[in-house]
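Following: one structure in structure tokens, then a few remarks.
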Amino acid sequence: MRELDHERVTKLHAYFDGEVSAAERQQIEAEVGADEQASSVLADLKLLRGVAVASFDAEAARVPEARFEQIWDEIDRTLERDRRLQRAAETNVSVWSRVVAFVRPRWVPAVALAGVAAALTLYVTQDGGPDERSSGAAVVASKEAQALTDVSAAPAAVELPIQNEAEIERIEFGGRSGRIDQIHGKNGKTTTVIWFTEDDPTENSERSL
Amino acid sequence: MQRYQRKVYSVAFGLLRNQEDALDVVQESFIKVHRYLANFEGNSSFYTWLYRIVTNLCIDHMRKNKRYKAFEFDDSLRHDEKADSASDADIRPLSGLGDPAQMLHRREILDAFQNGLACLSDKHRAVIVMRELEGFSYEEMAKAMGCSKGTIMSRLFHARRNMQRHLTERLGYMPSEVVSDSDGESLGAVEAVMP
Amino acid sequence: MKYSTSMFHWILASELATSGFALALGSVLLLAPEDARADVSGANCQIYTVLAMKTGDGSIPPDLEFIGDQLRDDGFAAFKGFRLLESRALELKLGATGVADMSSGHRLQLTLLGAEQTRLKLRATLQAGDKKLVDTDYKIEDAGILLLGGVRHPDGKIFFAIQCRGVL
């Protein structure tokens, strides 16, 4: 019975782990039948895996169920805290902000333009009056008309600032659910991620999922 | 998710070797799973994803916690060269320990495995847990540990061999009844040859 | 007398003009973004559309390495592959809204609401057709990146990375 060399044993390990190509698998399977040592290596690997799984199961069984219950209670509390923060972020919009948000795009430009036009008319029909007074209004009038360019561009080299975390002041999810996460990168920079889902939220409790 | 709790604990305990630390990781893992669950939509890679979260948390935990300073994933810290260089001749087949089906129910064998795991180096323990328990591919293990696939293959080979040696040395030459009641002297003798 | 009438007209005109100017100024203040910083006149924004896929080898392509740290986080652990689908640039003027119609079929509207110290205040609204998916106001450091995602895709999910730099 010849001694299996290291390379061949390693290959048997890879075969056992499903890490060989289809051709290699066929070749190994053809050889194993006639090679007692190779069969023994594979049998040991299989047994070792079985022992490993059974041993871990036995180790986990030592933890009392009550200890896991404690953990789930803490998980529930954490997730409830998440939900409260989420709700707070979604409703953290003042009445004044809502009024301004409603009025600003519709009426204020018109009122502003009317006021400016009235002032200009009075100036034009009167003697004197400094011309510069209207220049601010002209800027306002042109504000909405400022052109926006929308260009396609290849991504350039990007360097994130040290403080990359976003402060979400207001958020509304049009989908069925959403959440705000912070990723704490290994480079020490935090990135804010707004996740939303278009699916129905799962109503099951965390424990039963 | 409760049905996964002990599996998750097993992985965490396998890597951390401390019950309370492992339970902390279990808690943190399920919180993360719940937060990011919407990304899955029931696809079949849930186990892989769950185990990846647990594994990453354990690795982070080991790196952050001073208690695990000696267990950092640094190849220079601890080697199993002494054991690795030993002849394969002293490694007996596991089948010599008895009926394979019975082995999985013998407490002393299961305990000996845990003991052997504690004796392995951090790298070898990690590959055993990731491969045998979590079913990670070599590629996934390489990514998790930040090394090449070749390194993973080598570590896995040596880790298995060391574990096999540990089991056969501890259990192979004495009646199982004696081993199951003993935890001291015979273990010390085994540890002397372990890395 | 003629002089007095002229003076009266001038005073009246001045008062009216002042009122009109005040009204206009008030309007400007209402129109203008909150906390606007005088030295920021606009922002150059880049919007990256990224497909996070269920399949792949887990590697991060070079053109997404700038958010590689984020993609390797557990939040994205459900995905095994990433692809940059598109990169769009928007030049925003202070207080104005830029619109980017992405090839994914989504419309992303960005408004530079203002700036304070080194942070920009932005409004981002993502729409799918007529449906608004997210509408948010946020403050972020100049050149900071906000990730916005969760759009379903047959291969995974699409998300957007938004980065803006203030322009003086």
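Labels for the structure tokens follow display order: chains A, B, ..., residues from 1 in each chain, ligands from 1.
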
Handout entry: Exercise answer, chain C residues close to chain A, 6 Å and only C-alpha atoms, as a PyMOL selection string
Key = chain C and resi 17+20+24+27+66+69+87-91+98+132-140+144+146-150

Take the residues that were just selected and, keeping N, CA, C and O atoms, output them as an mmCIF file, in the first residue's frame.
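Below is the file that was written, part_35.cif:
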data_model
loop_
_atom_site.group_PDB
_atom_site.id
_atom_site.type_symbol
_atom_site.label_atom_id
_atom_site.label_comp_id
_atom_site.auth_asym_id
_atom_site.auth_seq_id
_atom_site.Cartn_x
_atom_site.Cartn_y
_atom_site.Cartn_z
ATOM 1 N N ALA C 17 -41.699 101.832 -2.698
ATOM 2 C CA ALA C 17 -40.553 101.036 -3.168
ATOM 3 C C ALA C 17 -39.950 100.261 -2.022
ATOM 4 O O ALA C 17 -39.612 99.086 -2.156
ATOM 5 N N GLY C 20 -42.200 97.496 -1.276
ATOM 6 C CA GLY C 20 -42.062 96.462 -2.322
ATOM 7 C C GLY C 20 -40.748 95.712 -2.174
ATOM 8 O O GLY C 20 -40.703 94.490 -2.290
ATOM 9 N N ALA C 24 -40.232 91.987 -1.482
ATOM 10 C CA ALA C 24 -39.374 91.156 -2.348
ATOM 11 C C ALA C 24 -38.288 90.480 -1.534
ATOM 12 O O ALA C 24 -38.001 89.294 -1.713
ATOM 13 N N SER C 27 -39.682 87.763 0.342
ATOM 14 C CA SER C 27 -39.908 86.635 -0.560
ATOM 15 C C SER C 27 -38.606 85.914 -0.854
ATOM 16 O O SER C 27 -38.556 84.688 -0.922
ATOM 17 N N PHE C 66 -14.525 53.078 -4.437
ATOM 18 C CA PHE C 66 -14.689 54.252 -3.580
ATOM 19 C C PHE C 66 -15.760 54.046 -2.517
ATOM 20 O O PHE C 66 -15.800 54.767 -1.520
ATOM 21 N N ASP C 69 -15.706 49.928 1.072
ATOM 22 C CA ASP C 69 -15.806 49.715 2.505
ATOM 23 C C ASP C 69 -17.273 49.527 2.912
ATOM 24 O O ASP C 69 -17.599 48.696 3.754
ATOM 25 N N SER C 87 -23.353 56.622 -14.140
ATOM 26 C CA SER C 87 -22.875 57.740 -13.333
ATOM 27 C C SER C 87 -23.356 59.020 -13.994
ATOM 28 O O SER C 87 -23.119 59.246 -15.185
ATOM 29 N N ARG C 88 -24.063 59.841 -13.250
ATOM 30 C CA ARG C 88 -24.596 61.074 -13.823
ATOM 31 C C ARG C 88 -24.127 62.263 -13.005
ATOM 32 O O ARG C 88 -23.990 62.174 -11.794
ATOM 33 N N ALA C 89 -23.932 63.356 -13.696
ATOM 34 C CA ALA C 89 -23.517 64.583 -13.014
ATOM 35 C C ALA C 89 -24.655 65.596 -13.054
ATOM 36 O O ALA C 89 -25.348 65.724 -14.065
ATOM 37 N N LEU C 90 -24.840 66.265 -11.944
ATOM 38 C CA LEU C 90 -25.846 67.336 -11.882
ATOM 39 C C LEU C 90 -25.171 68.584 -11.335
ATOM 40 O O LEU C 90 -24.509 68.522 -10.300
ATOM 41 N N GLU C 91 -25.348 69.680 -12.041
ATOM 42 C CA GLU C 91 -24.818 70.943 -11.531
ATOM 43 C C GLU C 91 -25.972 71.724 -10.932
ATOM 44 O O GLU C 91 -26.891 72.119 -11.660
ATOM 45 N N GLY C 98 -32.323 70.123 -9.454
ATOM 46 C CA GLY C 98 -31.812 69.417 -10.625
ATOM 47 C C GLY C 98 -32.498 68.073 -10.745
ATOM 48 O O GLY C 98 -32.845 67.449 -9.746
ATOM 49 N N LYS C 132 -43.570 58.434 -5.478
ATOM 50 C CA LYS C 132 -42.412 58.921 -4.739
ATOM 51 C C LYS C 132 -41.939 57.813 -3.789
ATOM 52 O O LYS C 132 -42.699 57.326 -2.967
ATOM 53 N N LEU C 133 -40.701 57.402 -3.927
ATOM 54 C CA LEU C 133 -40.184 56.330 -3.069
ATOM 55 C C LEU C 133 -39.572 56.892 -1.781
ATOM 56 O O LEU C 133 -39.790 56.366 -0.714
ATOM 57 N N VAL C 134 -38.805 57.939 -1.951
ATOM 58 C CA VAL C 134 -38.185 58.585 -0.786
ATOM 59 C C VAL C 134 -38.118 60.084 -1.043
ATOM 60 O O VAL C 134 -37.847 60.519 -2.157
ATOM 61 N N ASP C 135 -38.387 60.823 -0.003
ATOM 62 C CA ASP C 135 -38.250 62.280 -0.082
ATOM 63 C C ASP C 135 -37.585 62.703 1.223
ATOM 64 O O ASP C 135 -38.154 62.517 2.297
ATOM 65 N N THR C 136 -36.398 63.244 1.124
ATOM 66 C CA THR C 136 -35.671 63.535 2.370
ATOM 67 C C THR C 136 -34.866 64.826 2.278
ATOM 68 O O THR C 136 -34.388 65.202 1.212
ATOM 69 N N ASP C 137 -34.755 65.499 3.401
ATOM 70 C CA ASP C 137 -33.844 66.633 3.549
ATOM 71 C C ASP C 137 -32.712 66.172 4.448
ATOM 72 O O ASP C 137 -32.965 65.587 5.510
ATOM 73 N N TYR C 138 -31.506 66.422 4.026
ATOM 74 C CA TYR C 138 -30.387 65.976 4.866
ATOM 75 C C TYR C 138 -29.215 66.935 4.760
ATOM 76 O O TYR C 138 -29.085 67.679 3.788
ATOM 77 N N LYS C 139 -28.418 66.889 5.813
ATOM 78 C CA LYS C 139 -27.185 67.666 5.804
ATOM 79 C C LYS C 139 -26.022 66.685 5.741
ATOM 80 O O LYS C 139 -26.052 65.648 6.420
ATOM 81 N N ILE C 140 -25.049 67.024 4.953
ATOM 82 C CA ILE C 140 -23.908 66.125 4.825
ATOM 83 C C ILE C 140 -22.650 66.939 4.549
ATOM 84 O O ILE C 140 -22.722 68.028 3.947
ATOM 85 N N GLY C 144 -19.480 64.329 0.922
ATOM 86 C CA GLY C 144 -19.953 63.113 1.588
ATOM 87 C C GLY C 144 -20.896 62.334 0.688
ATOM 88 O O GLY C 144 -21.502 62.878 -0.229
ATOM 89 N N LEU C 146 -24.185 59.780 0.355
ATOM 90 C CA LEU C 146 -25.390 59.192 0.935
ATOM 91 C C LEU C 146 -25.811 58.037 0.025
ATOM 92 O O LEU C 146 -25.829 58.179 -1.197
ATOM 93 N N LEU C 147 -26.130 56.914 0.630
ATOM 94 C CA LEU C 147 -26.605 55.771 -0.151
ATOM 95 C C LEU C 147 -28.115 55.657 0.016
ATOM 96 O O LEU C 147 -28.643 55.788 1.111
ATOM 97 N N LEU C 148 -28.747 55.403 -1.092
ATOM 98 C CA LEU C 148 -30.200 55.386 -1.122
ATOM 99 C C LEU C 148 -30.601 54.171 -1.937
ATOM 100 O O LEU C 148 -30.250 54.078 -3.116
ATOM 101 N N GLY C 149 -31.259 53.238 -1.328
ATOM 102 C CA GLY C 149 -31.490 52.038 -2.116
ATOM 103 C C GLY C 149 -32.635 51.170 -1.708
ATOM 104 O O GLY C 149 -33.328 51.417 -0.729
ATOM 105 N N GLY C 150 -32.796 50.161 -2.525
ATOM 106 C CA GLY C 150 -33.829 49.175 -2.257
ATOM 107 C C GLY C 150 -34.743 48.942 -3.432
ATOM 108 O O GLY C 150 -35.754 48.255 -3.302
#

Exercise for the section: Please identify every residue of chain A that has at least one atom no more than 8 Å from any atom of chain B, counting only C-alpha atoms, and report them as JSON, numbers by chain. Expected result: {"A": [10, 13, 14, 17, 19, 40, 41, 43, 44, 45, 47, 48, 49, 50, 51, 52, 53, 54, 55, 56, 57, 58, 59, 60, 61, 68, 71, 72, 74, 75, 78, 79, 197, 206, 207, 208, 209]}

Exercise for the section: Identify all chain C residues at most 9 Å from chain B by counting only C-alpha atoms; ligands do not count. Present them as a PyMOL selection string. Expected result: chain C and resi 54+57-59+74-79+150+156-157

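Computed from the coordinates, the CA of Leu71 (chain C) to CA of Glu141 (chain C) distance equals 20.2 Å.
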
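Reported to one decimal place, the separation of CA of Leu171 (chain B) from CA of Cys119 (chain B) is 15.5 Å.
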
Completion exercise
note - CA of Gly56 (chain C) and CA of Met130 (chain B) are separated by 19.7 Å
